[in-house]
Structure formats: structure tokens, C-alpha cells
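Heads up, data20.txt below (compact mmCIF, C-alpha atoms):
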```txt
# COMPACT_ATOMS: atom_id res chain seq x y z
CA MET A 154 0.00 0.00 0.00
CA THR A 155 2.50 2.56 -1.21
CA SER A 156 0.32 4.81 -3.34
CA LEU A 157 -1.39 7.83 -1.88
CA ALA A 158 -4.72 6.77 -3.34
CA ALA A 159 -5.02 3.65 -1.21
CA PRO A 160 -4.86 5.44 2.18
CA GLU A 161 -7.32 8.05 0.93
CA ARG A 162 -9.75 5.35 -0.15
CA LEU A 163 -9.40 3.63 3.22
CA HIS A 164 -10.06 6.93 5.00
CA GLU A 165 -13.15 7.68 2.95
CA ARG A 166 -14.67 4.22 3.36
CA VAL A 167 -13.96 3.84 7.08
CA LEU A 168 -15.00 7.38 8.01
CA GLU A 169 -18.21 7.15 6.00
CA TRP A 170 -19.03 3.82 7.67
CA TYR A 171 -18.30 5.25 11.11
CA SER A 172 -20.57 8.23 10.54
CA THR A 173 -23.61 5.92 10.65
CA ALA A 174 -22.37 2.80 12.47
CA ALA A 175 -20.68 4.35 15.52
CA ARG A 176 -22.10 3.36 18.88
CA ASP A 177 -23.63 6.15 20.95
CA LEU A 178 -21.27 6.18 23.95
CA PRO A 179 -21.12 8.97 26.54
CA TRP A 180 -17.34 9.36 26.42
CA ARG A 181 -17.61 10.16 22.69
CA THR A 182 -20.06 13.03 22.99
CA ASP A 183 -19.17 16.72 22.86
CA GLU A 184 -20.08 16.92 26.56
CA ALA A 185 -17.47 14.34 27.56
CA THR A 186 -14.73 15.86 29.72
CA PRO A 187 -11.03 15.01 29.43
CA TRP A 188 -11.31 13.25 32.81
CA GLY A 189 -14.30 11.22 31.62
CA ILE A 190 -12.39 10.19 28.49
CA PHE A 191 -9.33 9.35 30.59
CA VAL A 192 -11.41 7.11 32.88
CA SER A 193 -13.06 5.40 29.92
CA GLU A 194 -9.74 4.58 28.29
CA VAL A 195 -8.41 2.94 31.45
CA MET A 196 -11.63 1.00 32.05
CA LEU A 197 -11.90 -0.21 28.45
CA GLN A 198 -8.52 -1.94 28.50
CA GLN A 199 -9.30 -5.67 28.07
CA THR A 200 -12.93 -5.06 29.11
CA PRO A 201 -16.04 -4.93 26.86
CA VAL A 202 -18.05 -1.73 26.53
CA ALA A 203 -21.19 -3.36 27.95
CA ARG A 204 -19.44 -4.03 31.26
CA VAL A 205 -17.68 -0.68 31.39
CA LEU A 206 -20.65 1.60 30.69
CA PRO A 207 -22.58 1.28 33.99
CA VAL A 208 -19.39 1.48 36.09
CA TRP A 209 -18.16 4.50 34.12
CA LEU A 210 -21.46 6.30 34.71
CA GLU A 211 -21.26 5.58 38.44
CA TRP A 212 -17.65 6.77 38.66
CA LEU A 213 -18.30 10.04 36.83
CA ALA A 214 -21.39 10.72 38.95
CA ARG A 215 -19.37 10.12 42.12
CA TRP A 216 -16.03 11.60 41.03
CA PRO A 217 -16.68 14.08 38.20
CA GLU A 218 -13.18 15.58 38.51
CA PRO A 219 -9.77 14.08 39.33
CA ALA A 220 -9.64 15.95 42.64
CA ASP A 221 -12.86 14.26 43.76
CA LEU A 222 -11.27 10.82 43.41
CA ALA A 223 -7.90 11.95 44.74
CA ALA A 224 -9.56 13.09 47.99
CA GLN A 225 -10.78 9.57 48.73
CA PRO A 226 -8.75 6.55 49.92
CA PRO A 227 -7.61 4.20 47.15
CA GLY A 228 -9.77 1.46 48.63
CA ASP A 229 -12.87 3.41 47.54
CA ALA A 230 -11.67 3.16 43.94
CA VAL A 231 -11.13 -0.59 44.29
CA ARG A 232 -14.60 -1.00 45.82
CA ALA A 233 -16.25 1.05 43.05
CA TRP A 234 -14.33 -0.89 40.40
CA GLY A 235 -16.67 -3.80 41.05
CA ARG A 236 -16.13 -6.77 38.76
CA LEU A 237 -14.48 -5.06 35.80
CA GLY A 238 -11.42 -7.25 36.23
CA TYR A 239 -7.72 -6.35 36.43
CA PRO A 240 -8.40 -4.26 39.57
CA ARG A 241 -4.92 -2.78 39.68
CA ARG A 242 -6.31 -0.37 37.10
CA ALA A 243 -8.46 1.13 39.87
CA LEU A 244 -5.34 1.87 41.92
CA ARG A 245 -3.64 3.36 38.86
CA LEU A 246 -6.63 5.59 38.20
CA HIS A 247 -6.55 6.77 41.79
CA ALA A 248 -2.80 7.41 41.62
CA ALA A 249 -3.26 9.28 38.33
CA ALA A 250 -6.01 11.40 39.90
CA VAL A 251 -3.66 12.31 42.75
CA ALA A 252 -0.89 13.22 40.29
CA ILE A 253 -3.25 15.29 38.14
CA THR A 254 -4.47 17.14 41.22
CA GLU A 255 -1.03 17.78 42.67
CA ARG A 256 0.99 18.43 39.51
CA PHE A 257 -1.50 19.78 36.98
CA GLY A 258 -3.91 21.77 39.11
CA GLY A 259 -6.66 19.18 38.80
CA MET A 260 -6.77 19.41 34.98
CA VAL A 261 -5.97 16.39 32.81
CA PRO A 262 -2.83 17.35 30.85
CA GLY A 263 -3.31 17.71 27.12
CA THR A 264 -0.08 16.49 25.58
CA GLU A 265 1.02 12.95 25.00
CA ALA A 266 4.33 13.58 26.78
CA GLU A 267 2.63 14.96 29.91
CA LEU A 268 0.05 12.19 29.99
CA ALA A 269 2.81 9.59 29.79
CA THR A 270 4.23 10.87 33.09
CA LEU A 271 1.08 9.90 35.01
CA PRO A 272 1.13 6.66 37.05
CA GLY A 273 -0.01 3.65 35.06
CA VAL A 274 -0.32 5.53 31.77
CA GLY A 275 1.35 3.77 28.87
CA THR A 276 1.86 4.61 25.22
CA TYR A 277 -1.66 3.67 24.14
CA THR A 278 -3.51 5.57 26.89
CA ALA A 279 -1.39 8.70 26.44
CA ALA A 280 -2.05 8.72 22.70
CA ALA A 281 -5.75 7.93 23.04
CA VAL A 282 -6.45 10.66 25.61
CA SER A 283 -4.41 13.29 23.77
CA THR A 284 -6.34 12.48 20.59
CA PHE A 285 -9.88 11.89 21.85
CA ALA A 286 -9.89 14.54 24.59
CA PHE A 287 -7.69 17.24 23.06
CA GLY A 288 -7.72 16.61 19.31
CA GLN A 289 -3.98 16.05 19.04
CA ARG A 290 -2.81 14.26 15.91
CA THR A 291 -1.03 11.10 16.96
CA THR A 292 -1.11 7.34 16.35
CA VAL A 293 -3.52 5.31 18.47
CA VAL A 294 -2.89 1.57 18.27
CA ASP A 295 -4.90 -0.92 20.33
CA THR A 296 -5.78 -4.57 19.75
CA ASN A 297 -8.66 -3.75 17.43
CA VAL A 298 -6.59 -1.35 15.32
CA ARG A 299 -3.75 -3.86 15.05
CA ARG A 300 -6.14 -6.57 13.84
CA VAL A 301 -7.79 -4.33 11.22
CA LEU A 302 -4.46 -3.18 9.84
CA ALA A 303 -2.96 -6.67 9.94
CA ARG A 304 -5.77 -7.86 7.68
CA ALA A 305 -6.43 -4.83 5.52
CA VAL A 306 -2.82 -3.78 4.96
CA GLY A 307 -0.65 -6.76 5.85
CA GLY A 308 -2.84 -9.57 4.54
CA ASP A 309 -2.53 -11.53 7.79
CA ALA A 310 -5.38 -13.00 9.82
CA TYR A 311 -3.90 -11.66 13.06
CA ALA A 312 -1.25 -9.20 14.15
CA ALA A 313 2.00 -10.35 15.72
CA PRO A 314 1.93 -11.11 19.47
CA SER A 315 3.61 -7.75 20.14
CA PRO A 316 3.65 -4.60 17.99
CA THR A 317 6.56 -4.44 15.58
CA ARG A 318 8.31 -1.31 14.32
CA ALA A 319 7.02 -1.96 10.82
CA GLU A 320 3.47 -2.31 12.13
CA LEU A 321 3.64 0.93 14.13
CA ARG A 322 5.21 2.75 11.20
CA ALA A 323 2.42 1.58 8.89
CA ALA A 324 -0.21 2.68 11.41
CA ALA A 325 1.41 6.11 11.71
CA GLU A 326 1.57 6.54 7.94
CA LEU A 327 -2.16 5.87 7.66
CA VAL A 328 -3.16 8.63 10.09
CA PRO A 329 -4.70 11.52 8.11
CA PRO A 330 -2.71 14.78 8.25
CA GLU A 331 -5.59 16.94 9.50
CA PRO A 332 -5.99 16.64 13.33
CA PRO A 333 -9.83 16.50 13.37
CA ARG A 334 -9.86 13.85 10.65
CA ALA A 335 -7.02 11.98 12.38
CA ARG A 336 -9.01 11.92 15.62
CA THR A 337 -12.07 10.46 13.93
CA TRP A 338 -9.96 8.00 11.94
CA SER A 339 -8.43 6.63 15.15
CA VAL A 340 -11.76 5.94 16.81
CA ALA A 341 -13.33 4.71 13.55
CA VAL A 342 -10.69 2.01 12.99
CA MET A 343 -11.08 0.89 16.60
CA GLU A 344 -14.83 0.68 16.10
CA LEU A 345 -14.44 -1.29 12.88
CA GLY A 346 -12.33 -3.84 14.73
CA ALA A 347 -14.79 -4.04 17.61
CA LEU A 348 -17.95 -4.42 15.55
CA VAL A 349 -17.01 -5.90 12.16
CA CYS A 350 -13.40 -7.05 11.87
CA THR A 351 -13.65 -9.12 15.03
CA SER A 352 -11.14 -11.69 16.17
CA ARG A 353 -13.12 -14.90 15.93
CA SER A 354 -15.91 -14.23 13.44
CA PRO A 355 -15.15 -11.27 11.18
CA ARG A 356 -18.22 -9.98 9.32
CA CYS A 357 -16.47 -9.42 6.02
CA GLY A 358 -19.75 -9.01 4.13
CA ALA A 359 -20.53 -5.92 6.21
CA CYS A 360 -17.03 -4.43 6.01
CA PRO A 361 -16.73 -1.07 4.22
CA ILE A 362 -13.21 -1.92 2.95
CA ARG A 363 -13.79 -5.54 1.97
CA ASP A 364 -12.68 -4.88 -1.62
CA LEU A 365 -9.50 -3.18 -0.38
CA CYS A 366 -8.59 -5.72 2.29
CA ALA A 367 -5.35 -7.55 1.51
CA TRP A 368 -6.33 -10.53 3.65
CA ARG A 369 -9.70 -10.99 1.97
CA LEU A 370 -8.25 -10.46 -1.51
CA ALA A 371 -5.73 -13.22 -0.72
CA GLY A 372 -8.59 -15.62 0.05
CA SER A 373 -8.65 -15.09 3.82
CA PRO A 374 -5.72 -17.44 4.53
CA ALA A 375 -5.69 -19.19 7.88
CA HIS A 376 -3.44 -17.98 10.66
CA GLU A 377 -0.01 -19.64 10.43
CA GLY A 378 1.47 -18.45 13.70
CA PRO A 379 1.29 -19.99 17.18
CA PRO A 380 -2.16 -21.30 18.23
CA ARG A 381 -4.37 -18.61 19.72
CA ARG A 382 -5.89 -19.72 23.01
CA GLY A 383 -8.51 -17.97 25.07
CA GLN A 384 -7.76 -17.13 28.68
CA ALA A 385 -8.96 -19.69 31.20
CA TRP A 386 -10.91 -18.50 34.24
CA GLU A 387 -12.35 -21.39 36.25
CA GLY A 388 -9.95 -22.50 38.95
CA THR A 389 -7.31 -19.88 38.13
CA ASP A 390 -5.54 -17.48 40.47
CA ARG A 391 -7.46 -14.67 38.75
CA GLN A 392 -10.72 -16.23 39.85
CA MET A 393 -9.45 -16.70 43.41
CA ARG A 394 -8.16 -13.12 43.58
CA GLY A 395 -11.54 -11.92 42.36
CA ALA A 396 -13.36 -13.89 45.03
CA LEU A 397 -11.14 -12.49 47.79
CA LEU A 398 -11.55 -8.94 46.54
CA ARG A 399 -15.31 -9.39 46.29
CA LEU A 400 -15.39 -10.38 49.96
CA LEU A 401 -13.60 -7.17 50.94
CA ARG A 402 -15.62 -4.95 48.59
CA GLU A 403 -18.90 -6.25 49.95
CA SER A 404 -17.85 -5.90 53.59
CA ASP A 405 -18.63 -2.78 55.63
CA GLY A 406 -15.32 -3.06 57.45
CA PRO A 407 -12.21 -5.21 57.84
CA VAL A 408 -12.61 -8.95 57.35
CA SER A 409 -11.12 -11.61 59.56
CA ARG A 410 -8.82 -14.49 58.73
CA GLU A 411 -11.76 -16.85 59.27
CA GLN A 412 -13.79 -15.00 56.62
CA ILE A 413 -10.84 -15.20 54.23
CA GLU A 414 -10.51 -18.93 54.82
CA ALA A 415 -14.22 -19.44 54.16
CA VAL A 416 -13.77 -18.20 50.59
CA SER A 417 -12.09 -21.44 49.49
CA PRO A 418 -10.78 -24.67 51.02
CA LEU A 419 -7.77 -24.52 48.66
CA ALA A 420 -5.43 -23.10 51.27
CA LEU A 421 -2.24 -23.00 49.19
CA GLN A 422 -3.84 -21.15 46.27
CA ARG A 423 -5.91 -18.93 48.56
CA GLU A 424 -2.90 -17.76 50.58
CA ARG A 425 -0.80 -17.29 47.45
CA CYS A 426 -3.50 -15.07 45.96
CA LEU A 427 -3.98 -13.16 49.19
CA ASP A 428 -0.24 -12.49 49.33
CA SER A 429 -0.29 -11.28 45.73
CA LEU A 430 -3.19 -8.90 46.45
CA VAL A 431 -1.25 -7.46 49.39
CA ALA A 432 1.87 -7.12 47.23
CA ASP A 433 -0.17 -5.32 44.54
CA GLY A 434 -1.52 -2.86 47.08
CA LEU A 435 -5.10 -4.04 46.63
CA VAL A 436 -5.44 -5.46 50.15
CA GLU A 437 -4.09 -3.99 53.37
CA PRO A 438 -3.23 -6.36 56.26
CA LEU A 439 -4.16 -5.14 59.73
CA ALA A 440 -3.39 -6.21 63.29
CA ARG A 441 -5.00 -9.34 64.74
CA ASP A 442 -5.12 -11.03 61.31
CA PHE A 443 -7.70 -8.72 59.76
CA PHE A 444 -7.67 -7.34 56.21
CA GLN A 445 -9.23 -4.36 54.42
CA LEU A 446 -9.17 -2.44 51.15
CA PRO A 447 -6.23 0.00 50.95
CA GLY A 448 -6.58 3.25 52.86
CA ALA A 449 -9.94 2.41 54.38
CA ARG A 450 -10.63 3.61 57.91
CA GLU A 451 -10.36 0.81 60.42
CA ALA A 452 -13.42 0.04 62.46
CA SER A 453 -13.05 1.19 66.08
```

Can you dump the structure from the file as C-alpha cells?
Amino acid sequence: MTSLAAPERLHERVLEWYSTAARDLPWRTDEATPWGIFVSEVMLQQTPVARVLPVWLEWLARWPEPADLAAQPPGDAVRAWGRLGYPRRALRLHAAAVAITERFGGMVPGTEAELATLPGVGTYTAAAVSTFAFGQRTTVVDTNVRRVLARAVGGDAYAAPSPTRAELRAAAELVPPEPPRARTWSVAVMELGALVCTSRSPRCGACPIRDLCAWRLAGSPAHEGPPRRGQAWEGTDRQMRGALLRLLRESDGPVSREQIEAVSPLALQRERCLDSLVADGLVEPLARDFFQLPGAREAS
């Protein structure tokens, strides 16, 4: 895809499709604040929109500005995180809120470089927030974008396990030069990957670039790389950690060792997971073998 015409055709097709197919999500509206967009980007990492939406609404109603969250103990963020999964993201959001309040006067910083200095903010989140909240022209590459470009440009069923320099360079070259168009392009490609060019069952018949897609034009060849396996859940440490955190979230105060032990008879796994939660800062051990969410006030 070396000619200028091909990127322009991709832009036209994808942007036209997005103009009618985009989901109506509150963090995409003109009323969405930079903080609301920031929270959405952290919550949406490895988590479907349907699960994020109600939690996002609750968070923004409770903590409409970074300073509102920063003023609360981190355990409140973990409790409000509910069952979104990967709860360390709640601690990172709280830490980011504190940093925004202390270093940026309570305003989410607008540049990619400044965003990247916040706790827990990586390359993707910094680029996404700078683009979607502030209209900066940059390259936003998530799992959905990588899959769309792997198929449409590279002719492969799936992207490599980790982003390559060639892949990131190709993604950057496809970003339109005009910042407003670049912003819409970034979210439109993500949406195409989420709704049409899905991982397991791509809806090629509904794809706006099906006649431009290198993978489809090659006959949709099967993936030749390592087998792709879904993540197990039942019986895993992730499940045990979730059960222990649920106990603490649903408790009005610290929980005892006996309550912890009642979660599961698998003592070795249970204690390993409890230790890992403490190490991650998600659980705070107290005197007399009690435990609580981090920063919560101990019951008198």
C-alpha cells in the first residue's frame, strides 16, 4: 500500500461507515470531559463496553473531577471498580487522579508527553487521551486497530503477538494529516475492529473496505502463527483473587482471617492469591489477622 490513493480510499470508506455505524457512547459526545475520556480509556482496556458503561457512569457521577477521586482513599476506587477485572487499574486511576491534582492543578494534561508521566499511563492511553480529549494528531494503536491493519494492509489473519516497528510505522503513515480527521480515523478504525473485523468471526460481508482488504483479496488465509488460546478462568488465580476482593468490597469493614478462609478450602492457592493482592496494594493487612481495602478507615 505505497500509493497515496489507497490510504485516501481507506479513509473515505472507514470514516463514512463510522458516521452511521458508531455506537452512541457517553465518552464520545461533545459533553465528555477530558477526565471522563481518561477514565473510559483505562476501564476499556481488556474489558467490553457493555461491562464498562454502567461502572463508568457511576464513577463520573461520584467523582466528576480528578480531585474528587484523589480526595478519597484508594480502597474506595477498588470498591467502586466492582467486577471489571484487572483491579490494579483502579489503583492506577486513583494514583493518576492524585498526580493530576497535585501536579496539573486538577486538569488532565493535554499532551502525549505529559500524559505519559502519570502513574499507570502507557503509550496507548497517552495517545488515546491526547487524541480523543484534546484533538492532538497522533497514532492510536490498540488490539482492534492492530487486527484491522494486519488484515487490511498486511494480509494476515492476526497481528504479531507484540507490535513491531514496521506495524507501528504503517499505522502512523495511515493517520490523516488533519488533526480533526485523524481523531475520527483513530476511533473509527477501533470501532471497525470491535464491531465488524472481530477476532473470531469477522463480518467481512458488512465491512466497508472488503474490496481493499489484503487478507480478503488473498482468500482469507488461515493464521499460520502460534495457536491462539482464550484465557482460562475457572480455577485460576485470577478467579481466586476476584473472590477475595469481592469479599472485601462487599464488607462494611475489615474482614477476619476466618472470613478469608471461608472463601475457598484450597489453602495454598488462597494464601498465594492473598499475598499477591497485598503485594499489589489491593489489600491492606491489619493487626489481629484482619484485612481491608487500601486506605480504608479501620473500624473502632

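If you measure from each of A:Ala319, A:Leu427, A:Val328, A:Leu370 to A:Asp390 using all atoms listed in the file, the closest one turns out to be A:Leu427.
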
Students should find that atom CA of A:Trp234 and atom CA of A:Gln412 are spaced 21.5 Å

Give me, as a tab-separated table, the closest atom pair and its distance (Å, one decimal) for every residue of stretch 271-341 of chain A within a cut-off of 12 Å of stretch 239-262 of chain A, counting all atoms listed in the file, rows sorted by chain and rising number.
```
residue	atom	partner	partner_atom	distance
A:Leu271	CA	A:Ala249	CA	5.5
A:Pro272	CA	A:Ala249	CA	5.3
A:Gly273	CA	A:Arg245	CA	5.3
A:Val274	CA	A:Ala249	CA	8.1
A:Gly275	CA	A:Arg245	CA	11.2
A:Thr278	CA	A:Leu246	CA	11.7
A:Ala279	CA	A:Pro262	CA	9.8
A:Ala280	CA	A:Pro262	CA	11.9
A:Val282	CA	A:Val261	CA	9.2
A:Ser283	CA	A:Pro262	CA	8.3
A:Thr284	CA	A:Pro262	CA	11.9
A:Ala286	CA	A:Val261	CA	9.3
A:Phe287	CA	A:Pro262	CA	9.2
A:Gln289	CA	A:Pro262	CA	11.9
```

As a check of understanding: the span from atom CA of A:Pro332 to atom CA of A:Arg290 is 4.7 Å

Dump as number ranges by chain all residues having an atom at most 12 Å from (-11.5, -11.6, 58.0), computed in the file's coordinates with all atoms listed in the file. A: 397-398, 400-401, 404-416, 427, 436-446

Please produce an output containing C-alpha atoms for each residue in the selection, written as a short mmCIF file (atom, residue, chain, number, x, y, z; two decimals), in the frame of the given file.
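File produced: result-v3.cif:
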```
data_model
loop_
_atom_site.label_atom_id
_atom_site.label_comp_id
_atom_site.auth_asym_id
_atom_site.auth_seq_id
_atom_site.Cartn_x
_atom_site.Cartn_y
_atom_site.Cartn_z
CA LEU A 397 -11.14 -12.49 47.79
CA LEU A 398 -11.55 -8.94 46.54
CA LEU A 400 -15.39 -10.38 49.96
CA LEU A 401 -13.60 -7.17 50.94
CA SER A 404 -17.85 -5.90 53.59
CA ASP A 405 -18.63 -2.78 55.63
CA GLY A 406 -15.32 -3.06 57.45
CA PRO A 407 -12.21 -5.21 57.84
CA VAL A 408 -12.61 -8.95 57.35
CA SER A 409 -11.12 -11.61 59.56
CA ARG A 410 -8.82 -14.49 58.73
CA GLU A 411 -11.76 -16.85 59.27
CA GLN A 412 -13.79 -15.00 56.62
CA ILE A 413 -10.84 -15.20 54.23
CA GLU A 414 -10.51 -18.93 54.82
CA ALA A 415 -14.22 -19.44 54.16
CA VAL A 416 -13.77 -18.20 50.59
CA LEU A 427 -3.98 -13.16 49.19
CA VAL A 436 -5.44 -5.46 50.15
CA GLU A 437 -4.09 -3.99 53.37
CA PRO A 438 -3.23 -6.36 56.26
CA LEU A 439 -4.16 -5.14 59.73
CA ALA A 440 -3.39 -6.21 63.29
CA ARG A 441 -5.00 -9.34 64.74
CA ASP A 442 -5.12 -11.03 61.31
CA PHE A 443 -7.70 -8.72 59.76
CA PHE A 444 -7.67 -7.34 56.21
CA GLN A 445 -9.23 -4.36 54.42
CA LEU A 446 -9.17 -2.44 51.15
#
```

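When atom CA of A:Thr389 is paired with atom CA of A:Glu403, their separation reads 21.4 Å.
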
Could you check which of A:Thr296, A:Ala420, A:Arg232, A:Arg391 is closest to A:Leu197, using all atoms listed in the file? A:Thr296

Which neighbours of A:Ala325 fall inside 12 Å, counting all atoms listed in the file, when residues of the same chain fewer than 5 positions from it are skipped, and could you give them as a VMD selection string? chain A and resid 160 280 290 to 294 298 to 299 302 318 to 320 330 335 338 to 339
